[in-house]
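Student: This is structure_35.csv, which holds CSV, C-alpha atoms:
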chain,number,residue,atom,x,y,z
A,10,MET,CA,0.0,0.0,0.0
A,11,LYS,CA,1.3,3.4,-1.0
A,12,ARG,CA,1.4,5.8,1.9
A,13,VAL,CA,1.1,9.5,1.5
A,14,VAL,CA,2.6,12.0,4.0
A,15,THR,CA,-0.5,14.1,4.3
A,16,GLY,CA,-3.2,11.5,4.2
A,17,ALA,CA,-4.4,9.0,6.9
A,18,HIS,CA,-8.0,8.0,7.5
A,19,TYR,CA,-9.5,11.4,7.9
A,20,GLY,CA,-11.9,10.9,5.0
A,21,LEU,CA,-15.3,9.9,6.4
A,22,ARG,CA,-14.9,11.8,9.7
A,23,ASP,CA,-14.2,15.1,8.0
A,24,TRP,CA,-16.8,14.6,5.3
A,25,LEU,CA,-19.4,14.1,8.1
A,26,ALA,CA,-18.0,16.9,10.2
A,27,GLN,CA,-18.3,19.3,7.3
A,28,ARG,CA,-22.0,18.5,7.0
A,29,ILE,CA,-22.8,18.5,10.7
A,30,THR,CA,-21.0,21.8,11.2
A,31,ALA,CA,-22.8,23.2,8.1
A,32,VAL,CA,-26.2,22.4,9.7
A,33,ILE,CA,-25.1,24.0,13.0
A,34,MET,CA,-24.1,27.2,11.2
A,35,ALA,CA,-27.2,27.3,9.1
A,36,VAL,CA,-29.4,27.0,12.2
A,37,TYR,CA,-27.4,29.8,14.0
A,38,SER,CA,-27.6,32.0,10.9
A,39,VAL,CA,-31.4,31.8,10.6
A,40,ILE,CA,-31.8,32.5,14.4
A,41,ALA,CA,-29.3,35.3,14.2
A,42,VAL,CA,-31.1,37.0,11.3
A,43,ALA,CA,-34.4,36.6,13.0
A,44,VAL,CA,-33.1,38.1,16.3
A,45,LEU,CA,-31.5,41.0,14.4
A,46,LEU,CA,-34.6,41.7,12.3
A,47,THR,CA,-36.8,41.8,15.4
A,48,ASN,CA,-34.5,44.1,17.3
A,49,ARG,CA,-34.2,46.9,14.7
A,50,PRO,CA,-32.7,49.4,14.8
A,51,ILE,CA,-29.5,47.9,15.9
A,52,THR,CA,-27.9,50.4,18.2
A,53,TYR,CA,-24.7,49.8,20.3
A,54,ALA,CA,-26.8,49.1,23.4
A,55,VAL,CA,-28.9,46.5,21.6
A,56,TRP,CA,-25.8,44.9,20.1
A,57,ARG,CA,-23.9,44.8,23.4
A,58,ASP,CA,-26.8,43.5,25.4
A,59,LEU,CA,-27.3,40.7,22.9
A,60,PHE,CA,-23.7,39.6,23.2
A,61,GLU,CA,-23.8,39.9,27.0
A,62,GLN,CA,-26.3,37.1,27.3
A,63,GLY,CA,-24.9,33.7,28.1
A,64,TRP,CA,-26.8,31.8,25.5
A,65,MET,CA,-25.7,34.1,22.7
A,66,ARG,CA,-22.0,33.8,23.7
A,67,VAL,CA,-22.3,30.0,23.9
A,68,ALA,CA,-24.2,29.8,20.6
A,69,THR,CA,-21.7,32.1,18.9
A,70,LEU,CA,-18.9,30.0,20.3
A,71,LEU,CA,-20.6,26.8,18.9
A,72,PHE,CA,-20.9,28.7,15.6
A,73,ALA,CA,-17.2,29.7,15.7
A,74,LEU,CA,-16.1,26.1,16.5
A,75,SER,CA,-18.3,24.8,13.6
A,76,LEU,CA,-16.9,27.4,11.3
A,77,VAL,CA,-13.2,26.7,12.0
A,78,TRP,CA,-13.7,22.9,11.6
A,79,HIS,CA,-15.8,23.5,8.4
A,80,ALA,CA,-13.3,26.0,7.0
A,81,TRP,CA,-10.4,23.7,7.8
A,82,VAL,CA,-11.9,20.8,5.7
A,83,GLY,CA,-12.7,23.3,2.9
A,84,VAL,CA,-9.2,24.8,2.9
A,85,ARG,CA,-7.6,21.4,3.1
A,86,ASP,CA,-9.7,20.2,0.1
A,87,ILE,CA,-8.7,23.3,-1.9
A,88,LEU,CA,-5.0,22.9,-1.1
A,89,MET,CA,-5.1,19.1,-2.0
A,90,ASP,CA,-6.7,20.0,-5.3
A,91,TYR,CA,-4.4,22.8,-6.5
A,92,ILE,CA,-1.1,22.5,-4.6
A,93,LYS,CA,0.8,19.5,-5.9
A,94,PRO,CA,4.2,19.6,-4.3
A,95,ASP,CA,3.9,17.8,-0.9
A,96,GLY,CA,6.2,20.0,1.0
A,97,LEU,CA,4.5,23.2,0.0
A,98,ARG,CA,1.1,21.8,0.5
A,99,LEU,CA,2.0,20.5,4.0
A,100,SER,CA,3.4,24.0,4.9
A,101,LEU,CA,0.3,25.8,3.7
A,102,GLN,CA,-1.9,23.3,5.6
A,103,VAL,CA,0.1,23.9,8.8
A,104,GLY,CA,-0.1,27.6,8.2
A,105,ALA,CA,-3.9,27.4,7.7
A,106,LEU,CA,-4.3,25.4,10.9
A,107,LEU,CA,-2.3,28.0,12.9
A,108,VAL,CA,-4.3,30.9,11.4
A,109,ILE,CA,-7.6,29.0,12.2
A,110,ALA,CA,-6.5,28.3,15.8
A,111,ALA,CA,-5.6,32.0,16.2
A,112,TYR,CA,-9.0,33.1,14.9
A,113,LEU,CA,-10.7,30.8,17.4
A,114,GLY,CA,-8.6,32.3,20.2
A,115,TRP,CA,-9.5,35.8,19.0
A,116,THR,CA,-13.2,34.9,18.9
A,117,ILE,CA,-13.2,33.7,22.5
A,118,GLN,CA,-11.4,36.9,23.5
A,119,ILE,CA,-14.0,39.0,21.8
A,120,LEU,CA,-17.0,37.1,23.3
A,121,TRP,CA,-15.6,37.0,26.9
A,122,ARG,CA,-13.8,40.3,27.2
B,5,MET,CA,-24.3,3.7,-31.3
B,6,SER,CA,-23.9,3.3,-35.1
B,7,GLU,CA,-20.6,2.2,-36.6
B,8,ALA,CA,-20.1,5.7,-38.1
B,9,ALA,CA,-20.6,7.3,-34.7
B,10,VAL,CA,-18.1,5.0,-33.2
B,11,LYS,CA,-15.5,5.9,-35.8
B,12,THR,CA,-16.1,9.7,-35.3
B,13,ALA,CA,-15.8,9.2,-31.6
B,14,ALA,CA,-12.6,7.3,-32.0
B,15,ARG,CA,-11.1,10.0,-34.2
B,16,LYS,CA,-11.5,12.7,-31.5
B,17,PRO,CA,-8.1,13.5,-29.9
B,18,ARG,CA,-8.0,11.6,-26.6
B,19,PRO,CA,-7.1,12.0,-23.8
B,20,LYS,CA,-8.2,15.6,-23.5
B,21,TYR,CA,-6.3,17.5,-20.9
B,22,LEU,CA,-7.6,20.5,-19.0
B,23,SER,CA,-5.8,23.7,-20.0
B,24,LEU,CA,-6.6,27.3,-19.6
B,25,GLN,CA,-7.6,27.4,-23.3
B,26,ALA,CA,-10.0,24.5,-22.8
B,27,LEU,CA,-11.4,25.9,-19.6
B,28,LEU,CA,-12.1,29.4,-21.2
B,29,PHE,CA,-13.1,28.5,-24.8
B,30,GLU,CA,-13.9,24.8,-25.2
B,31,ILE,CA,-15.7,23.6,-22.1
B,32,ARG,CA,-19.1,25.0,-21.3
B,33,LEU,CA,-19.9,24.4,-17.7
B,34,PRO,CA,-23.5,23.2,-17.0
B,35,VAL,CA,-25.3,25.2,-14.3
B,36,PRO,CA,-24.6,22.7,-11.5
B,37,GLY,CA,-21.0,23.1,-12.4
B,38,TRP,CA,-21.3,26.9,-11.9
B,39,VAL,CA,-23.0,26.4,-8.5
B,40,SER,CA,-20.2,24.0,-7.6
B,41,ILE,CA,-17.3,26.3,-8.5
B,42,LEU,CA,-19.0,29.3,-7.0
B,43,HIS,CA,-19.5,27.3,-3.8
B,44,ARG,CA,-15.8,26.8,-3.7
B,45,ILE,CA,-15.0,30.5,-4.6
B,46,SER,CA,-17.5,31.8,-2.1
B,47,GLY,CA,-16.0,29.6,0.6
B,48,ALA,CA,-12.5,30.7,-0.1
B,49,LEU,CA,-13.6,34.3,-0.1
B,50,LEU,CA,-15.3,34.0,3.2
B,51,PHE,CA,-12.2,32.3,4.7
B,52,ALA,CA,-10.0,35.0,3.3
B,53,ALA,CA,-12.2,37.7,4.8
B,54,LEU,CA,-12.4,36.1,8.2
B,55,ALA,CA,-9.8,38.2,9.8
B,56,TRP,CA,-11.5,41.4,8.6
B,57,LEU,CA,-14.9,40.2,9.8
B,58,LEU,CA,-13.5,39.3,13.2
B,59,TRP,CA,-11.8,42.7,13.4
B,60,MET,CA,-15.2,44.3,12.8
B,61,LEU,CA,-16.9,42.1,15.4
B,62,ASP,CA,-14.1,43.1,17.8
B,63,ARG,CA,-14.5,46.8,17.1
B,64,SER,CA,-18.3,46.7,17.2
B,65,LEU,CA,-18.4,45.3,20.7
B,66,SER,CA,-15.5,47.2,22.2
B,67,SER,CA,-17.2,50.6,22.9
B,68,GLU,CA,-20.0,52.9,21.7
B,69,ALA,CA,-17.5,55.2,20.0
B,70,ALA,CA,-15.9,52.3,18.2
B,71,PHE,CA,-19.3,51.0,17.2
B,72,ASP,CA,-20.2,54.4,15.7
B,73,ARG,CA,-16.9,54.7,13.9
B,74,LEU,CA,-17.4,51.2,12.5
B,75,ARG,CA,-20.9,52.1,11.3
B,76,HIS,CA,-19.4,55.1,9.4
B,77,TYR,CA,-16.6,52.9,8.0
B,78,ALA,CA,-19.2,50.3,6.8
B,79,GLY,CA,-20.9,53.1,5.0
B,80,LEU,CA,-18.0,54.0,2.8
B,81,ALA,CA,-18.6,52.9,-0.8
B,82,PRO,CA,-15.6,50.4,-1.2
B,83,VAL,CA,-16.3,48.8,2.2
B,84,LYS,CA,-20.0,48.6,1.4
B,85,LEU,CA,-19.3,46.9,-1.9
B,86,ALA,CA,-16.9,44.4,-0.3
B,87,LEU,CA,-19.5,43.6,2.4
B,88,LEU,CA,-22.1,43.1,-0.2
B,89,VAL,CA,-19.8,40.6,-2.0
B,90,LEU,CA,-19.3,38.8,1.3
B,91,VAL,CA,-23.1,38.8,1.9
B,92,TRP,CA,-23.5,37.2,-1.5
B,93,ALA,CA,-20.7,34.7,-0.8
B,94,TYR,CA,-22.5,33.7,2.5
B,95,CYS,CA,-25.9,33.4,0.9
B,96,HIS,CA,-24.6,31.4,-2.0
B,97,HIS,CA,-22.5,29.1,0.2
B,98,PHE,CA,-25.6,28.7,2.4
B,99,CYS,CA,-28.1,27.9,-0.4
B,100,ALA,CA,-25.7,25.7,-2.4
B,101,GLY,CA,-24.8,23.9,0.8
B,102,ILE,CA,-28.4,23.1,1.5
B,103,ARG,CA,-28.7,21.7,-2.1
B,104,TYR,CA,-25.6,19.5,-1.4
B,105,LEU,CA,-27.1,18.2,1.8
B,106,PHE,CA,-30.1,17.1,-0.3
B,107,LEU,CA,-27.9,15.6,-2.9
B,108,ASP,CA,-26.1,13.7,-0.2
B,109,LEU,CA,-29.4,12.2,0.7
B,110,ASP,CA,-29.9,11.2,-2.9
B,111,LYS,CA,-32.6,13.8,-3.4
B,112,GLY,CA,-32.7,15.7,-6.7
B,113,VAL,CA,-29.8,13.9,-8.4
B,114,ASP,CA,-31.5,13.4,-11.8
B,115,LYS,CA,-30.3,15.9,-14.5
B,116,GLU,CA,-33.5,18.0,-14.8
B,117,THR,CA,-34.0,18.4,-11.1
B,118,ALA,CA,-30.3,19.1,-10.5
B,119,ARG,CA,-30.3,21.9,-13.1
B,120,LEU,CA,-33.5,23.4,-11.8
B,121,THR,CA,-32.3,23.4,-8.2
B,122,SER,CA,-29.0,25.0,-9.4
B,123,TRP,CA,-30.9,27.9,-11.0
B,124,ILE,CA,-32.9,28.2,-7.8
B,125,VAL,CA,-29.7,28.4,-5.7
B,126,LEU,CA,-28.2,31.1,-8.0
B,127,GLY,CA,-31.5,33.1,-8.0
B,128,ALA,CA,-32.2,32.7,-4.3
B,129,SER,CA,-28.7,33.8,-3.2
B,130,LEU,CA,-28.9,36.9,-5.4
B,131,ALA,CA,-32.4,37.7,-4.1
B,132,LEU,CA,-31.2,37.2,-0.5
B,133,THR,CA,-28.2,39.4,-1.2
B,134,ALA,CA,-30.4,42.1,-2.6
B,135,ALA,CA,-32.8,41.8,0.3
B,136,PHE,CA,-30.1,42.1,3.0
B,137,GLY,CA,-28.3,44.8,1.0
B,138,TRP,CA,-31.5,46.8,0.9
B,139,ARG,CA,-32.2,46.1,4.6
B,140,LEU,CA,-28.8,47.0,5.8
B,141,TRP,CA,-28.3,50.3,3.9
Rewrite the coordinates I just gave you, this time as structure tokens.
Tutor:
Amino acid sequence: MKRVVTGAHYGLRDWLAQRITAVIMAVYSVIAVAVLLTNRPITYAVWRDLFEQGWMRVATLLFALSLVWHAWVGVRDILMDYIKPDGLRLSLQVGALLVIAAYLGWTIQILWR
Amino acid sequence: MSEAAVKTAARKPRPKYLSLQALLFEIRLPVPGWVSILHRISGALLFAALAWLLWMLDRSLSSEAAFDRLRHYAGLAPVKLALLVLVWAYCHHFCAGIRYLFLDLDKGVDKETARLTSWIVLGASLALTAAFGWRLW
């Protein structure tokens, strides 16, 4: 069996994760739009109060977790399709993972400041 | 297939490789293909814009003054345009994604339905973008 540096039994798990995280984000999006449309006009006070509620912070964190996992699968697929040299692809994948982890940290910082 | 057709088919230069020339002038992508490549492009756009979007979320929640500055910033024509593109990217990724979830469940996989739902995805995401754009500004 031919072994590839950047591939090992992540197929089904990531395929499924991409779909589950998509559903979580879709549900969040619909709720978020509904909440924003019913609270118009969106002033700073409305916006801040919304993000001070525990459920909103936790829901947004779940959205962010879904987004980073979903984005990772997507970015990995794109890199696997277009970047052929193994070393370059692996470097870009590691770079993408670091950026994604940083975004997640930043999101937590924004939500619980 | 008739014998003549087999001979014609055999005379075509094969294999045919993808080239920029072929992609631009020879291959006409069917609608589901457009939905597919736009799904990828919109996803890549959204990922590329994530830092900017997070920065805006950060500013919007930091103080009332920063919130007002951001509101002014979002009103600038180039920023507004970029945001509108991202709103479209989100709507398209959302609509096309729902279509793919149904395709995963083996719903709507025959050619006619697949083409119809592709048009619906393209139209719905543009309509949603217009609605949100109109609502927001």
Student: Determine, counting only C-alpha atoms, which protein, DNA and RNA residues have an atom within 9 Å of an atom of segment 102-117 of chain B; residues of the same chain fewer than 3 positions away are not included. Present the result as a PyMOL selection string.
Tutor: (chain A and resi 28+31-32+35) or (chain B and resi 97-99+120-122+125)
Student: Measuring between only C-alpha atoms, which one of B:Ile31, B:Leu49, B:Leu24, B:Leu90 shows the shortest distance to chain A?
Tutor: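 Result for the nearest residue to chain A: B:Leu49.
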Student: With only C-alpha atoms as the counted atoms, please give the residues lying no more than 12 Å from Val36 of chain A, apart from itself and same-chain residues fewer than 4 positions off, as an MDAnalysis selection string.
Tutor: (chainID A and resid 29:32 40:43 68:69 71:72 75) or (chainID B and resid 98 102)
Student: If the cut-off is 12 Å, can you tell me the residues of chain B near chain A, counting only C-alpha atoms? I'd like them as a PyMOL selection string.
Tutor: chain B and resi 41+43-75+94-95+97-109+132+136+139-141
Student: Please determine the residues with any atom at most 6 Å from (-14.7, 17.3, 8.8) (coordinates as given in the file, with all atoms listed in the file counting) and report them as a compact mmCIF listing (two decimals) with C-alpha atoms, in the coordinates of the input.
Tutor:
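Output file point-v8.txt follows:
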# COMPACT_ATOMS: atom_id res chain seq x y z
CA ARG A 22 -14.90 11.80 9.70
CA ASP A 23 -14.20 15.10 8.00
CA TRP A 24 -16.80 14.60 5.30
CA LEU A 25 -19.40 14.10 8.10
CA ALA A 26 -18.00 16.90 10.20
CA GLN A 27 -18.30 19.30 7.30
CA VAL A 82 -11.90 20.80 5.70
Student: How many Å lie between atom CA of Leu59 of chain A and atom CA of Tyr37 of chain A, rounded to one decimal?
Tutor: 14.1 Å
Student: Pick the closest to Gly79 of chain B from B:Pro36, B:Gly127, B:Pro17, B:Gly137: which is it, counting only C-alpha atoms?
Tutor: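 The answer is B:Gly137, which sits nearest to Gly79 of chain B.
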Student: Give the answer as one residue: which of B:Val35, B:Ile124, B:Leu28, B:Ala135 has the shortest atom-to-atom distance to Trp92 of chain B, using all atoms listed in the file?
Tutor: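 Closest to Trp92 of chain B, using all atoms listed in the file: B:Ala135.
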Student: Missing atoms in segment 103-120 of chain A need filling: write out N, CA and C atoms for it as a PDB file, in the coordinates of the input.
Tutor:
ATOM      1  N   VAL A 103      -0.301  23.553   7.433  1.00  0.00           N
ATOM      2  CA  VAL A 103       0.100  23.900   8.800  1.00  0.00           C
ATOM      3  C   VAL A 103      -0.188  25.377   9.055  1.00  0.00           C
ATOM      4  N   GLY A 104       0.157  26.214   8.062  1.00  0.00           N
ATOM      5  CA  GLY A 104      -0.100  27.600   8.200  1.00  0.00           C
ATOM      6  C   GLY A 104      -1.587  27.929   8.364  1.00  0.00           C
ATOM      7  N   ALA A 105      -2.434  27.250   7.569  1.00  0.00           N
ATOM      8  CA  ALA A 105      -3.900  27.400   7.700  1.00  0.00           C
ATOM      9  C   ALA A 105      -4.380  27.029   9.048  1.00  0.00           C
ATOM     10  N   LEU A 106      -3.851  25.908   9.574  1.00  0.00           N
ATOM     11  CA  LEU A 106      -4.300  25.400  10.900  1.00  0.00           C
ATOM     12  C   LEU A 106      -3.910  26.460  11.983  1.00  0.00           C
ATOM     13  N   LEU A 107      -2.708  27.041  11.871  1.00  0.00           N
ATOM     14  CA  LEU A 107      -2.300  28.000  12.900  1.00  0.00           C
ATOM     15  C   LEU A 107      -3.186  29.264  12.812  1.00  0.00           C
ATOM     16  N   VAL A 108      -3.474  29.720  11.586  1.00  0.00           N
ATOM     17  CA  VAL A 108      -4.300  30.900  11.400  1.00  0.00           C
ATOM     18  C   VAL A 108      -5.724  30.596  12.001  1.00  0.00           C
ATOM     19  N   ILE A 109      -6.246  29.389  11.702  1.00  0.00           N
ATOM     20  CA  ILE A 109      -7.600  29.000  12.200  1.00  0.00           C
ATOM     21  C   ILE A 109      -7.603  28.965  13.717  1.00  0.00           C
ATOM     22  N   ALA A 110      -6.545  28.405  14.320  1.00  0.00           N
ATOM     23  CA  ALA A 110      -6.500  28.300  15.800  1.00  0.00           C
ATOM     24  C   ALA A 110      -6.423  29.755  16.368  1.00  0.00           C
ATOM     25  N   ALA A 111      -5.678  30.651  15.704  1.00  0.00           N
ATOM     26  CA  ALA A 111      -5.600  32.000  16.200  1.00  0.00           C
ATOM     27  C   ALA A 111      -6.948  32.723  16.100  1.00  0.00           C
ATOM     28  N   TYR A 112      -7.687  32.485  15.014  1.00  0.00           N
ATOM     29  CA  TYR A 112      -9.000  33.100  14.900  1.00  0.00           C
ATOM     30  C   TYR A 112      -9.942  32.609  16.003  1.00  0.00           C
ATOM     31  N   LEU A 113      -9.835  31.325  16.346  1.00  0.00           N
ATOM     32  CA  LEU A 113     -10.700  30.800  17.400  1.00  0.00           C
ATOM     33  C   LEU A 113     -10.358  31.474  18.737  1.00  0.00           C
ATOM     34  N   GLY A 114      -9.055  31.613  19.002  1.00  0.00           N
ATOM     35  CA  GLY A 114      -8.600  32.300  20.200  1.00  0.00           C
ATOM     36  C   GLY A 114      -9.146  33.729  20.267  1.00  0.00           C
ATOM     37  N   TRP A 115      -9.043  34.402  19.144  1.00  0.00           N
ATOM     38  CA  TRP A 115      -9.500  35.800  19.000  1.00  0.00           C
ATOM     39  C   TRP A 115     -11.005  35.879  19.304  1.00  0.00           C
ATOM     40  N   THR A 116     -11.766  34.929  18.712  1.00  0.00           N
ATOM     41  CA  THR A 116     -13.200  34.900  18.900  1.00  0.00           C
ATOM     42  C   THR A 116     -13.578  34.785  20.377  1.00  0.00           C
ATOM     43  N   ILE A 117     -12.895  33.856  21.079  1.00  0.00           N
ATOM     44  CA  ILE A 117     -13.200  33.700  22.500  1.00  0.00           C
ATOM     45  C   ILE A 117     -12.878  34.946  23.271  1.00  0.00           C
ATOM     46  N   GLN A 118     -11.768  35.617  22.878  1.00  0.00           N
ATOM     47  CA  GLN A 118     -11.400  36.900  23.500  1.00  0.00           C
ATOM     48  C   GLN A 118     -12.460  37.941  23.292  1.00  0.00           C
ATOM     49  N   ILE A 119     -13.014  37.991  22.081  1.00  0.00           N
ATOM     50  CA  ILE A 119     -14.000  39.000  21.800  1.00  0.00           C
ATOM     51  C   ILE A 119     -15.304  38.708  22.579  1.00  0.00           C
ATOM     52  N   LEU A 120     -15.691  37.425  22.647  1.00  0.00           N
ATOM     53  CA  LEU A 120     -17.000  37.100  23.300  1.00  0.00           C
ATOM     54  C   LEU A 120     -16.883  37.235  24.824  1.00  0.00           C
TER      55      LEU A 120
END
